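Structure data follow from work-v1.csv (CSV, C-alpha atoms):
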```
chain,number,residue,atom,x,y,z
A,273,MET,CA,-0.3,13.0,-5.6
A,274,ILE,CA,0.7,10.4,-3.0
A,275,ASP,CA,0.9,7.0,-4.7
A,276,ALA,CA,0.9,3.8,-2.7
A,277,THR,CA,2.6,0.7,-3.8
A,278,ASP,CA,1.0,-2.8,-3.8
A,279,ALA,CA,2.9,-3.7,-0.6
A,280,THR,CA,1.2,-6.3,1.6
A,281,ASP,CA,2.5,-5.0,4.9
A,282,ALA,CA,-0.6,-3.8,6.9
A,283,THR,CA,1.5,-1.4,8.9
A,284,ASP,CA,2.6,0.3,5.7
A,285,GLN,CA,-0.9,0.8,4.5
A,286,GLY,CA,-3.0,1.6,7.6
A,287,LEU,CA,-6.5,2.0,6.2
A,288,VAL,CA,-7.4,1.0,2.7
A,289,VAL,CA,-10.7,2.0,1.1
A,290,VAL,CA,-11.7,0.1,-2.1
A,291,GLY,CA,-14.3,1.4,-4.6
A,292,GLU,CA,-15.4,3.9,-7.1
A,293,ALA,CA,-14.1,7.4,-7.5
A,294,LEU,CA,-16.3,9.5,-9.8
A,295,VAL,CA,-17.7,13.0,-10.5
A,296,ASP,CA,-21.2,13.9,-9.3
A,297,VAL,CA,-23.0,16.1,-11.7
A,298,VAL,CA,-25.5,17.8,-9.4
A,299,ARG,CA,-28.7,19.3,-10.9
A,300,SER,CA,-30.6,21.6,-8.5
A,301,VAL,CA,-34.4,22.1,-8.5
A,302,GLY,CA,-33.8,25.5,-10.2
A,303,GLY,CA,-31.8,23.8,-13.0
A,304,ASP,CA,-28.3,24.9,-12.0
A,305,VAL,CA,-25.6,22.3,-12.6
A,306,ALA,CA,-22.4,21.8,-10.6
A,307,GLU,CA,-19.8,19.1,-10.6
A,308,HIS,CA,-18.3,17.6,-7.4
A,309,VAL,CA,-15.8,14.8,-6.9
A,310,GLY,CA,-17.6,11.9,-5.3
A,311,GLY,CA,-18.3,8.2,-5.2
A,312,SER,CA,-19.2,6.6,-1.9
A,313,PRO,CA,-15.9,4.9,-1.1
A,314,LEU,CA,-13.9,8.0,-2.1
A,315,ASN,CA,-16.1,10.1,0.2
A,316,VAL,CA,-15.4,7.7,3.1
A,317,ALA,CA,-11.7,7.8,2.4
A,318,VAL,CA,-11.7,11.6,2.4
A,319,GLY,CA,-13.9,11.6,5.5
A,320,LEU,CA,-11.4,9.3,7.4
A,321,ALA,CA,-8.4,11.4,6.3
A,322,ARG,CA,-10.1,14.6,7.5
A,323,LEU,CA,-10.7,12.9,10.9
A,324,GLY,CA,-7.0,12.2,11.2
A,325,HIS,CA,-6.7,8.7,9.8
A,326,PRO,CA,-4.0,8.1,7.1
A,327,THR,CA,-5.9,6.4,4.3
A,328,THR,CA,-5.2,4.8,0.9
A,329,LEU,CA,-7.8,4.6,-1.9
A,330,ALA,CA,-7.9,1.8,-4.4
A,331,ALA,CA,-10.1,3.1,-7.3
A,332,TRP,CA,-10.6,3.1,-11.1
A,333,PHE,CA,-10.7,6.4,-13.0
A,334,GLY,CA,-9.2,8.1,-16.0
A,335,THR,CA,-6.5,10.7,-16.6
A,336,ASP,CA,-9.0,13.1,-18.2
A,337,GLU,CA,-10.1,16.4,-16.8
A,338,ARG,CA,-12.5,14.8,-14.3
A,339,GLY,CA,-9.8,12.3,-13.3
A,340,ALA,CA,-7.4,15.2,-12.6
A,341,ALA,CA,-10.1,16.8,-10.4
A,342,ILE,CA,-10.3,13.5,-8.4
A,343,ARG,CA,-6.5,13.5,-8.0
A,344,ASP,CA,-6.5,17.1,-6.8
A,345,HIS,CA,-9.4,16.4,-4.4
A,346,LEU,CA,-7.5,13.5,-2.9
A,347,ASP,CA,-4.3,15.5,-2.7
A,348,ARG,CA,-5.9,18.3,-0.7
A,349,ASP,CA,-6.9,15.8,2.0
A,350,HIS,CA,-3.7,13.8,1.8
A,351,VAL,CA,-5.4,10.6,0.7
A,352,ALA,CA,-2.9,8.2,-0.9
A,353,LEU,CA,-3.9,6.6,-4.2
A,354,LEU,CA,-3.0,2.9,-4.8
A,355,ALA,CA,-0.8,2.6,-7.9
A,356,GLY,CA,-2.9,1.7,-11.0
A,357,SER,CA,-6.0,3.4,-9.8
A,358,ASP,CA,-6.0,5.9,-12.7
A,359,GLY,CA,-5.9,3.4,-15.5
A,360,ALA,CA,-9.5,3.7,-16.7
A,361,PRO,CA,-10.1,5.0,-20.3
A,362,ARG,CA,-12.4,7.7,-18.8
A,363,THR,CA,-13.7,8.9,-15.5
A,364,ALA,CA,-17.2,7.7,-14.3
A,365,THR,CA,-20.0,10.2,-13.6
A,366,ALA,CA,-23.1,10.1,-11.4
A,367,GLU,CA,-25.8,12.6,-12.4
A,368,ALA,CA,-27.6,13.6,-9.1
A,369,THR,CA,-30.9,15.4,-9.4
A,370,LEU,CA,-32.1,17.2,-6.2
A,371,ASP,CA,-35.7,17.5,-5.2
A,372,ASP,CA,-37.3,20.2,-3.0
A,373,THR,CA,-36.0,18.5,0.2
A,374,GLY,CA,-32.4,18.3,-1.0
A,375,ALA,CA,-32.6,14.5,-1.5
A,376,ALA,CA,-30.8,13.2,-4.6
A,377,THR,CA,-31.7,10.6,-7.2
A,378,TYR,CA,-28.8,9.2,-9.3
A,379,ARG,CA,-28.1,8.1,-12.9
A,380,PHE,CA,-24.7,6.5,-13.5
A,381,ASP,CA,-22.2,6.2,-16.3
A,382,ILE,CA,-19.6,3.9,-14.9
A,383,ASP,CA,-17.2,1.1,-15.8
A,384,TRP,CA,-15.8,-0.5,-12.7
A,385,GLN,CA,-12.7,-2.6,-12.7
A,386,LEU,CA,-10.0,-3.5,-10.2
A,387,PRO,CA,-7.0,-4.8,-12.2
A,388,HIS,CA,-4.4,-3.9,-9.5
A,389,ALA,CA,-3.6,-5.8,-6.4
A,390,VAL,CA,-5.2,-4.6,-3.1
A,391,PRO,CA,-2.9,-4.9,-0.1
A,392,THR,CA,-4.0,-6.5,3.1
A,393,THR,CA,-4.1,-3.9,5.9
A,394,GLY,CA,-5.1,-3.1,9.4
A,395,HIS,CA,-8.6,-2.2,8.2
A,396,LEU,CA,-10.3,-2.3,4.8
A,397,HIS,CA,-13.5,-0.5,3.9
A,398,THR,CA,-15.6,-1.2,0.8
A,399,GLY,CA,-19.2,-1.0,-0.5
A,400,SER,CA,-21.6,0.6,-2.9
A,401,ILE,CA,-21.3,0.0,-6.7
A,402,ALA,CA,-17.8,-1.4,-6.4
A,403,ALA,CA,-19.0,-4.4,-4.4
A,404,VAL,CA,-21.6,-5.6,-6.9
A,405,LEU,CA,-20.8,-4.3,-10.4
A,406,GLN,CA,-18.7,-6.7,-12.5
A,407,PRO,CA,-16.0,-7.2,-13.5
A,408,GLY,CA,-14.5,-5.3,-10.5
A,409,ALA,CA,-16.9,-6.8,-7.9
A,410,SER,CA,-15.2,-10.2,-8.0
A,411,ALA,CA,-11.8,-8.6,-7.3
A,412,VAL,CA,-13.3,-6.7,-4.3
A,413,ARG,CA,-14.7,-9.9,-2.9
A,414,GLU,CA,-11.3,-11.6,-3.3
A,415,ALA,CA,-9.7,-8.7,-1.5
A,416,CYS,CA,-12.2,-9.1,1.4
A,417,PHE,CA,-11.5,-12.8,1.7
A,418,ALA,CA,-7.7,-12.1,1.9
A,419,GLN,CA,-8.3,-9.3,4.4
A,420,ARG,CA,-10.1,-11.5,6.9
A,421,ALA,CA,-6.8,-13.1,7.8
A,422,HIS,CA,-5.0,-9.8,8.5
A,423,GLY,CA,-7.4,-7.2,9.8
A,424,THR,CA,-10.9,-5.9,10.1
A,425,ILE,CA,-13.4,-5.0,7.4
A,426,SER,CA,-16.3,-2.6,7.1
A,427,TYR,CA,-19.1,-2.6,4.5
A,428,ASP,CA,-21.8,-0.2,3.3
A,429,PRO,CA,-24.2,-1.7,0.6
A,430,ASN,CA,-25.3,1.8,-0.5
A,431,CYS,CA,-27.7,0.2,-2.9
A,432,ARG,CA,-28.1,1.8,-6.3
A,433,PRO,CA,-31.2,0.3,-8.0
A,434,GLN,CA,-30.4,2.0,-11.3
A,435,LEU,CA,-27.3,-0.2,-11.6
A,436,MET,CA,-28.1,-3.2,-9.5
A,437,GLY,CA,-31.3,-4.2,-11.2
A,438,ASP,CA,-33.5,-6.8,-9.4
A,439,PRO,CA,-32.7,-7.0,-5.7
A,440,ALA,CA,-33.0,-10.8,-5.8
A,441,GLN,CA,-30.0,-10.8,-8.2
A,442,VAL,CA,-27.6,-9.0,-5.8
A,443,ARG,CA,-29.1,-10.0,-2.3
A,444,SER,CA,-26.8,-13.1,-1.9
A,445,ASP,CA,-23.7,-11.1,-2.9
A,446,ILE,CA,-24.5,-8.4,-0.4
A,447,GLU,CA,-25.2,-10.8,2.3
A,448,GLN,CA,-21.9,-12.6,1.7
A,449,LEU,CA,-20.1,-9.3,2.1
A,450,VAL,CA,-22.1,-8.6,5.3
A,451,GLY,CA,-20.8,-11.9,6.6
A,452,LEU,CA,-17.2,-11.0,5.8
A,453,ALA,CA,-17.5,-7.6,7.6
A,454,ASP,CA,-16.9,-6.6,11.2
A,455,VAL,CA,-19.2,-3.5,11.0
A,456,VAL,CA,-21.9,-2.8,8.5
A,457,LYS,CA,-23.8,0.4,7.9
A,458,ALA,CA,-26.8,0.5,5.6
A,459,SER,CA,-29.7,3.0,5.1
A,460,ASP,CA,-33.4,2.2,5.6
A,461,GLU,CA,-33.7,2.7,1.9
A,462,ASP,CA,-31.1,-0.1,1.3
A,463,VAL,CA,-33.0,-2.5,3.6
A,464,HIS,CA,-36.4,-1.8,2.0
A,465,TRP,CA,-35.0,-2.2,-1.5
A,466,LEU,CA,-33.4,-5.5,-0.7
A,467,TYR,CA,-36.2,-7.0,1.4
A,468,GLY,CA,-39.4,-5.0,0.7
A,469,ASP,CA,-41.0,-1.9,2.1
A,470,GLU,CA,-42.4,-3.8,5.1
A,471,ALA,CA,-39.2,-5.3,6.2
A,472,PRO,CA,-38.6,-4.5,9.9
A,473,LEU,CA,-35.2,-2.7,10.2
A,474,GLU,CA,-34.5,-4.2,13.6
A,475,GLU,CA,-35.1,-7.7,12.4
A,476,VAL,CA,-32.9,-7.3,9.4
A,477,ALA,CA,-30.1,-5.8,11.6
A,478,ARG,CA,-30.3,-8.9,13.8
A,479,LEU,CA,-30.3,-11.3,10.9
A,480,TRP,CA,-27.3,-9.6,9.4
A,481,ALA,CA,-25.4,-9.7,12.7
A,482,LYS,CA,-25.9,-13.5,12.8
A,483,LEU,CA,-23.9,-13.6,9.5
A,484,GLY,CA,-20.8,-12.2,11.3
A,485,PRO,CA,-20.6,-8.5,12.0
A,486,SER,CA,-20.0,-7.2,15.5
A,487,LEU,CA,-22.1,-4.1,14.8
A,488,VAL,CA,-24.9,-3.4,12.3
A,489,VAL,CA,-26.2,0.2,11.9
A,490,VAL,CA,-29.2,1.2,9.9
A,491,THR,CA,-29.5,5.0,9.2
A,492,ARG,CA,-33.0,6.6,8.9
A,493,GLY,CA,-32.3,10.0,7.5
A,494,GLY,CA,-33.4,12.8,9.8
A,495,ALA,CA,-34.8,10.3,12.2
A,496,GLY,CA,-31.3,9.2,13.2
A,497,ALA,CA,-30.2,5.5,13.2
A,498,LEU,CA,-30.8,2.1,14.7
A,499,ALA,CA,-27.8,0.2,16.0
A,500,HIS,CA,-27.6,-3.5,16.8
A,501,LEU,CA,-24.8,-4.8,19.0
A,502,PRO,CA,-25.0,-8.5,19.7
A,503,ALA,CA,-22.6,-8.2,22.6
A,504,GLY,CA,-25.1,-5.7,24.2
A,505,GLY,CA,-27.0,-8.7,25.6
A,506,VAL,CA,-30.6,-10.0,25.4
A,507,GLY,CA,-33.0,-7.1,25.7
A,508,ASN,CA,-30.2,-4.5,25.3
A,509,ASP,CA,-28.8,-5.3,21.8
A,510,VAL,CA,-30.6,-2.5,19.9
A,511,LYS,CA,-30.3,1.2,20.5
A,512,THR,CA,-31.4,4.3,18.6
A,513,VAL,CA,-29.1,7.1,17.7
A,514,ALA,CA,-30.8,10.4,17.7
A,515,GLY,CA,-30.6,12.6,14.6
A,516,GLN,CA,-29.2,16.1,15.1
A,517,PRO,CA,-31.5,19.1,14.2
A,518,VAL,CA,-29.9,20.9,11.2
A,519,SER,CA,-31.0,23.0,8.2
A,520,VAL,CA,-30.5,20.7,5.2
A,521,VAL,CA,-28.9,22.0,2.1
A,522,ASP,CA,-28.7,18.6,0.4
A,523,THR,CA,-28.1,15.0,1.5
A,524,VAL,CA,-25.3,14.2,-1.0
A,525,GLY,CA,-22.6,12.2,0.9
A,526,ALA,CA,-24.4,12.2,4.2
A,527,GLY,CA,-24.3,8.4,4.6
A,528,ASP,CA,-20.6,8.4,3.7
A,529,SER,CA,-19.8,11.0,6.4
A,530,PHE,CA,-21.8,8.8,8.8
A,531,MET,CA,-19.7,5.8,7.8
A,532,ALA,CA,-16.4,7.8,8.1
A,533,GLY,CA,-17.4,9.1,11.5
A,534,LEU,CA,-18.4,5.6,12.7
A,535,LEU,CA,-15.2,4.0,11.6
A,536,SER,CA,-13.1,6.9,13.1
A,537,GLY,CA,-14.8,6.4,16.4
A,538,LEU,CA,-14.3,2.6,16.4
A,539,LEU,CA,-10.7,3.0,15.3
A,540,ASP,CA,-10.1,5.4,18.2
A,541,ALA,CA,-11.8,3.0,20.6
A,542,GLY,CA,-9.4,0.2,19.5
A,543,LEU,CA,-12.2,-1.9,18.0
A,544,LEU,CA,-10.9,-1.9,14.4
A,545,GLY,CA,-7.5,-2.1,12.9
A,546,GLY,CA,-6.3,-5.7,13.3
A,547,LEU,CA,-7.1,-9.2,14.5
A,548,ALA,CA,-6.8,-8.4,18.2
A,549,GLN,CA,-9.2,-5.5,17.6
A,550,ARG,CA,-11.7,-7.8,16.0
A,551,ASP,CA,-11.7,-10.0,19.1
A,552,ASP,CA,-12.1,-6.9,21.3
A,553,PHE,CA,-15.0,-5.7,19.1
A,554,ARG,CA,-16.9,-9.0,19.5
A,555,ARG,CA,-16.9,-8.4,23.3
A,556,ALA,CA,-17.5,-4.7,23.3
A,557,GLY,CA,-20.4,-3.1,25.1
A,558,TRP,CA,-22.4,0.0,24.4
A,559,GLU,CA,-20.1,2.2,26.5
A,560,GLN,CA,-17.3,1.5,24.0
A,561,VAL,CA,-19.4,1.8,20.9
A,562,GLN,CA,-21.7,4.7,21.7
A,563,PRO,CA,-19.0,7.5,21.2
A,564,ALA,CA,-18.5,6.2,17.6
A,565,LEU,CA,-22.2,6.3,16.9
A,566,ASP,CA,-22.4,9.9,18.3
A,567,ARG,CA,-19.4,10.9,16.1
A,568,ALA,CA,-21.1,9.4,13.1
A,569,ALA,CA,-24.3,11.3,13.6
A,570,ALA,CA,-22.4,14.5,14.2
A,571,ALA,CA,-20.4,14.1,11.0
A,572,ALA,CA,-23.5,13.4,8.9
A,573,SER,CA,-25.3,16.5,10.3
A,574,ILE,CA,-22.5,18.8,9.3
A,575,THR,CA,-22.4,17.3,5.8
A,576,VAL,CA,-26.1,17.9,5.1
A,577,SER,CA,-25.8,21.5,6.3
A,578,ARG,CA,-23.6,22.3,3.2
A,579,ALA,CA,-23.6,21.6,-0.5
A,580,GLY,CA,-22.2,18.3,-1.9
A,581,ALA,CA,-20.2,15.5,-0.3
A,582,ASN,CA,-18.1,17.7,2.1
A,583,PRO,CA,-17.3,15.7,5.3
A,584,PRO,CA,-16.1,17.5,8.4
A,585,THR,CA,-12.7,17.7,9.8
A,586,ARG,CA,-11.9,16.6,13.3
A,587,ALA,CA,-11.6,20.2,14.4
A,588,GLU,CA,-15.1,20.9,13.1
A,589,LEU,CA,-16.5,17.9,15.0
A,590,GLU,CA,-14.8,19.0,18.2
A,591,ALA,CA,-15.7,22.7,17.9
```

As structure tokens, the full file:
Amino acid sequence: MIDATDATDATDQGLVVVGEALVDVVRSVGGDVAEHVGGSPLNVAVGLARLGHPTTLAAWFGTDERGAAIRDHLDRDHVALLAGSDGAPRTATAEATLDDTGAATYRFDIDWQLPHAVPTTGHLHTGSIAAVLQPGASAVREACFAQRAHGTISYDPNCRPQLMGDPAQVRSDIEQLVGLADVVKASDEDVHWLYGDEAPLEEVARLWAKLGPSLVVVTRGGAGALAHLPAGGVGNDVKTVAGQPVSVVDTVGAGDSFMAGLLSGLLDAGLLGGLAQRDDFRRAGWEQVQPALDRAAAAASITVSRAGANPPTRAELEA
């Protein structure tokens, strides 16, 4: 296992992903049960590593059998683990029950803490449970505030109603993190849970962008995604990203693969990774951003075509 120290030099750390690492216990329609390493931030870290970006994960899991599976999973994809990430008394689980369409609903058993220091870096990604579940959520927010002075930030709310309770209780926390981020990706389900079933996706994307992000993307399952780029100009600030036709096995990890593909494309375009990149991102047009959106859609389509959260490699995307 590659262990990273708590060094604060951004060039030493590259990309840091902060959030939960757990084991998905997946129950199929037929009743079969399989276990897969997961957790949205972990999936994004693995997705970035498979796309060629050295990545460090700051997490919280145990040294039990499931924790060992997480370590092995990270090792295979050369994801470094921030020192102290395996200090939990046990490893969290998410029971995912699949329906006839391959969509998953979740039930969680998780204790989220972040007792170890998170280094500032070129780019930090966070989201999901880790950003709202206390006591760790406060430490995640502190890490984001510190990161603003050193590099860029991405955020995926990845709302989990089973853990987050009343949307009114977490909405302000989520909006604060949106405001700290340079790029935000959410699903249409996230938006509708937070603001109601009738909330217009385009309007919410525009409102979030006014809080600070240079790009807001709302995914819509098989219908693709909607992207809002304020620098695109009046009348040209919203574009749709077409979904790619594919035979769906299940949707576990699809949003995380989309996020990893999006970040990979933006990193390659020089729009994430430091303060200078933040400035460039604020001025970027669609011609600079579109390849990242296309990479995100392609990554998600490959993931849903096979079981579990299994993001593609760069070679698979370029095949």

What is the atom CA of A:Thr373-atom CA of A:Ala569 distance in Å, reported with one decimal?
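Taking atom CA of A:Thr373 and atom CA of A:Ala569, their separation equals 19.2 Å.
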
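Between atom CA of A:Lys482 and atom CA of A:Phe553 the separation is 14.8 Å.
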
Å distance separating atom CA of A:Leu323 from atom CA of A:Gly484, one decimal place:
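The value is 27.1 Å.
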
Compare A:Leu535, A:Val520, A:Leu346, A:Ala564 by their minimum atom-to-atom distance to A:Thr398, counting only C-alpha atoms, and give me the closest one.
A:Leu535

When you count all atoms listed in the file, which of these residues is closest to A:Gly504: A:Ser400, A:Gln516, A:Leu538, A:Gly557?
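The answer is A:Gly557, which sits nearest to A:Gly504.
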
Taking only C-alpha atoms into account, which of A:Gln434, A:Thr424, A:Ser529, A:Ser519 comes nearest A:Lys457?
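Of the candidates, the smallest distance to A:Lys457 is held by A:Ser529.
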
Which residue, A:Leu466, A:Val309, A:Ala458, A:Leu501, has the smallest gap to A:Ser426 when you use all atoms listed in the file?
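Closest to A:Ser426, using all atoms listed in the file: A:Ala458.
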
Which residue gives the smallest distance to A:His345 among A:Asn582, A:Thr575, A:Gln448, A:Ser486, with all atoms listed in the file counted?
A:Asn582

Near A:Thr363, within 9 Å and counting all atoms listed in the file, which residues show up once chain neighbours fewer than 6 positions away are dropped, as a PyMOL selection string?
chain A and resi 293-295+332-339+381-383

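Residue nearest A:Thr392 within the list A:Ala411, A:Ala355, A:Ala360, A:Ala418: A:Ala418 [criterion: smallest interatomic distance, all atoms listed in the file].
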
Distance cut-off 9 Å, centre (-18.8, -7.5, -2.0) in file coordinates, counting all atoms listed in the file: which residues qualify? Return them as a PyMOL selection string.
chain A and resi 398-400+402-404+409-414+416+427+429+445-450+452

Saved selection, atoms kept: C-alpha atoms, as a PDB file, in the coordinates of the input:
```pdb
ATOM      1  CA  THR A 398     -15.600  -1.200   0.800  1.00  0.00           C
ATOM      2  CA  GLY A 399     -19.200  -1.000  -0.500  1.00  0.00           C
ATOM      3  CA  SER A 400     -21.600   0.600  -2.900  1.00  0.00           C
ATOM      4  CA  ALA A 402     -17.800  -1.400  -6.400  1.00  0.00           C
ATOM      5  CA  ALA A 403     -19.000  -4.400  -4.400  1.00  0.00           C
ATOM      6  CA  VAL A 404     -21.600  -5.600  -6.900  1.00  0.00           C
ATOM      7  CA  ALA A 409     -16.900  -6.800  -7.900  1.00  0.00           C
ATOM      8  CA  SER A 410     -15.200 -10.200  -8.000  1.00  0.00           C
ATOM      9  CA  ALA A 411     -11.800  -8.600  -7.300  1.00  0.00           C
ATOM     10  CA  VAL A 412     -13.300  -6.700  -4.300  1.00  0.00           C
ATOM     11  CA  ARG A 413     -14.700  -9.900  -2.900  1.00  0.00           C
ATOM     12  CA  GLU A 414     -11.300 -11.600  -3.300  1.00  0.00           C
ATOM     13  CA  CYS A 416     -12.200  -9.100   1.400  1.00  0.00           C
ATOM     14  CA  TYR A 427     -19.100  -2.600   4.500  1.00  0.00           C
ATOM     15  CA  PRO A 429     -24.200  -1.700   0.600  1.00  0.00           C
ATOM     16  CA  ASP A 445     -23.700 -11.100  -2.900  1.00  0.00           C
ATOM     17  CA  ILE A 446     -24.500  -8.400  -0.400  1.00  0.00           C
ATOM     18  CA  GLU A 447     -25.200 -10.800   2.300  1.00  0.00           C
ATOM     19  CA  GLN A 448     -21.900 -12.600   1.700  1.00  0.00           C
ATOM     20  CA  LEU A 449     -20.100  -9.300   2.100  1.00  0.00           C
ATOM     21  CA  VAL A 450     -22.100  -8.600   5.300  1.00  0.00           C
ATOM     22  CA  LEU A 452     -17.200 -11.000   5.800  1.00  0.00           C
TER      23      LEU A 452
END
```

What's the 8 Å shell around A:Leu405, counting all atoms listed in the file, without same-chain residues fewer than 5 positions away, as a PDB file with C-alpha atoms, keeping the file's coordinate frame?
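Contents of part_38.pdb, freshly written:
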```pdb
ATOM      1  CA  TRP A 384     -15.800  -0.500 -12.700  1.00  0.00           C
ATOM      2  CA  LEU A 435     -27.300  -0.200 -11.600  1.00  0.00           C
ATOM      3  CA  MET A 436     -28.100  -3.200  -9.500  1.00  0.00           C
TER       4      MET A 436
END
```

Could you add N, CA and C atoms to stretch 573-590 of chain A and give me the result as an mmCIF file, keeping the file's coordinate frame?
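As written to disk, result.cif reads:
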```cif
data_model
loop_
_atom_site.group_PDB
_atom_site.id
_atom_site.type_symbol
_atom_site.label_atom_id
_atom_site.label_comp_id
_atom_site.auth_asym_id
_atom_site.auth_seq_id
_atom_site.Cartn_x
_atom_site.Cartn_y
_atom_site.Cartn_z
ATOM 1 N N SER A 573 -24.549 15.237 10.191
ATOM 2 C CA SER A 573 -25.300 16.500 10.300
ATOM 3 C C SER A 573 -24.559 17.667 9.765
ATOM 4 N N ILE A 574 -23.255 17.689 9.925
ATOM 5 C CA ILE A 574 -22.500 18.800 9.300
ATOM 6 C C ILE A 574 -22.481 18.686 7.822
ATOM 7 N N THR A 575 -22.389 17.480 7.292
ATOM 8 C CA THR A 575 -22.400 17.300 5.800
ATOM 9 C C THR A 575 -23.645 17.777 5.172
ATOM 10 N N VAL A 576 -24.806 17.456 5.750
ATOM 11 C CA VAL A 576 -26.100 17.900 5.100
ATOM 12 C C VAL A 576 -26.318 19.351 5.231
ATOM 13 N N SER A 577 -25.558 20.026 6.086
ATOM 14 C CA SER A 577 -25.800 21.500 6.300
ATOM 15 C C SER A 577 -25.046 22.304 5.204
ATOM 16 N N ARG A 578 -24.308 21.624 4.299
ATOM 17 C CA ARG A 578 -23.600 22.300 3.200
ATOM 18 C C ARG A 578 -23.658 21.540 1.949
ATOM 19 N N ALA A 579 -23.348 22.163 0.846
ATOM 20 C CA ALA A 579 -23.600 21.600 -0.500
ATOM 21 C C ALA A 579 -22.550 20.457 -0.755
ATOM 22 N N GLY A 580 -23.035 19.396 -1.397
ATOM 23 C CA GLY A 580 -22.200 18.300 -1.900
ATOM 24 C C GLY A 580 -21.641 17.431 -0.783
ATOM 25 N N ALA A 581 -20.823 16.452 -1.214
ATOM 26 C CA ALA A 581 -20.200 15.500 -0.300
ATOM 27 C C ALA A 581 -18.978 16.192 0.319
ATOM 28 N N ASN A 582 -19.173 16.856 1.447
ATOM 29 C CA ASN A 582 -18.100 17.700 2.100
ATOM 30 C C ASN A 582 -18.031 17.322 3.541
ATOM 31 N N PRO A 583 -17.345 16.204 3.867
ATOM 32 C CA PRO A 583 -17.300 15.700 5.300
ATOM 33 C C PRO A 583 -16.528 16.666 6.157
ATOM 34 N N PRO A 584 -16.806 16.621 7.449
ATOM 35 C CA PRO A 584 -16.100 17.500 8.400
ATOM 36 C C PRO A 584 -14.732 17.074 8.746
ATOM 37 N N THR A 585 -13.947 18.022 9.230
ATOM 38 C CA THR A 585 -12.700 17.700 9.800
ATOM 39 C C THR A 585 -12.863 17.371 11.304
ATOM 40 N N ARG A 586 -11.827 16.837 11.925
ATOM 41 C CA ARG A 586 -11.900 16.600 13.300
ATOM 42 C C ARG A 586 -12.106 17.842 14.145
ATOM 43 N N ALA A 587 -11.458 18.910 13.699
ATOM 44 C CA ALA A 587 -11.600 20.200 14.400
ATOM 45 C C ALA A 587 -13.046 20.668 14.357
ATOM 46 N N GLU A 588 -13.733 20.479 13.226
ATOM 47 C CA GLU A 588 -15.100 20.900 13.100
ATOM 48 C C GLU A 588 -16.002 20.045 14.066
ATOM 49 N N LEU A 589 -15.718 18.758 14.165
ATOM 50 C CA LEU A 589 -16.500 17.900 15.000
ATOM 51 C C LEU A 589 -16.295 18.266 16.513
ATOM 52 N N GLU A 590 -15.105 18.692 16.826
ATOM 53 C CA GLU A 590 -14.800 19.000 18.200
ATOM 54 C C GLU A 590 -15.047 20.415 18.622
#
```
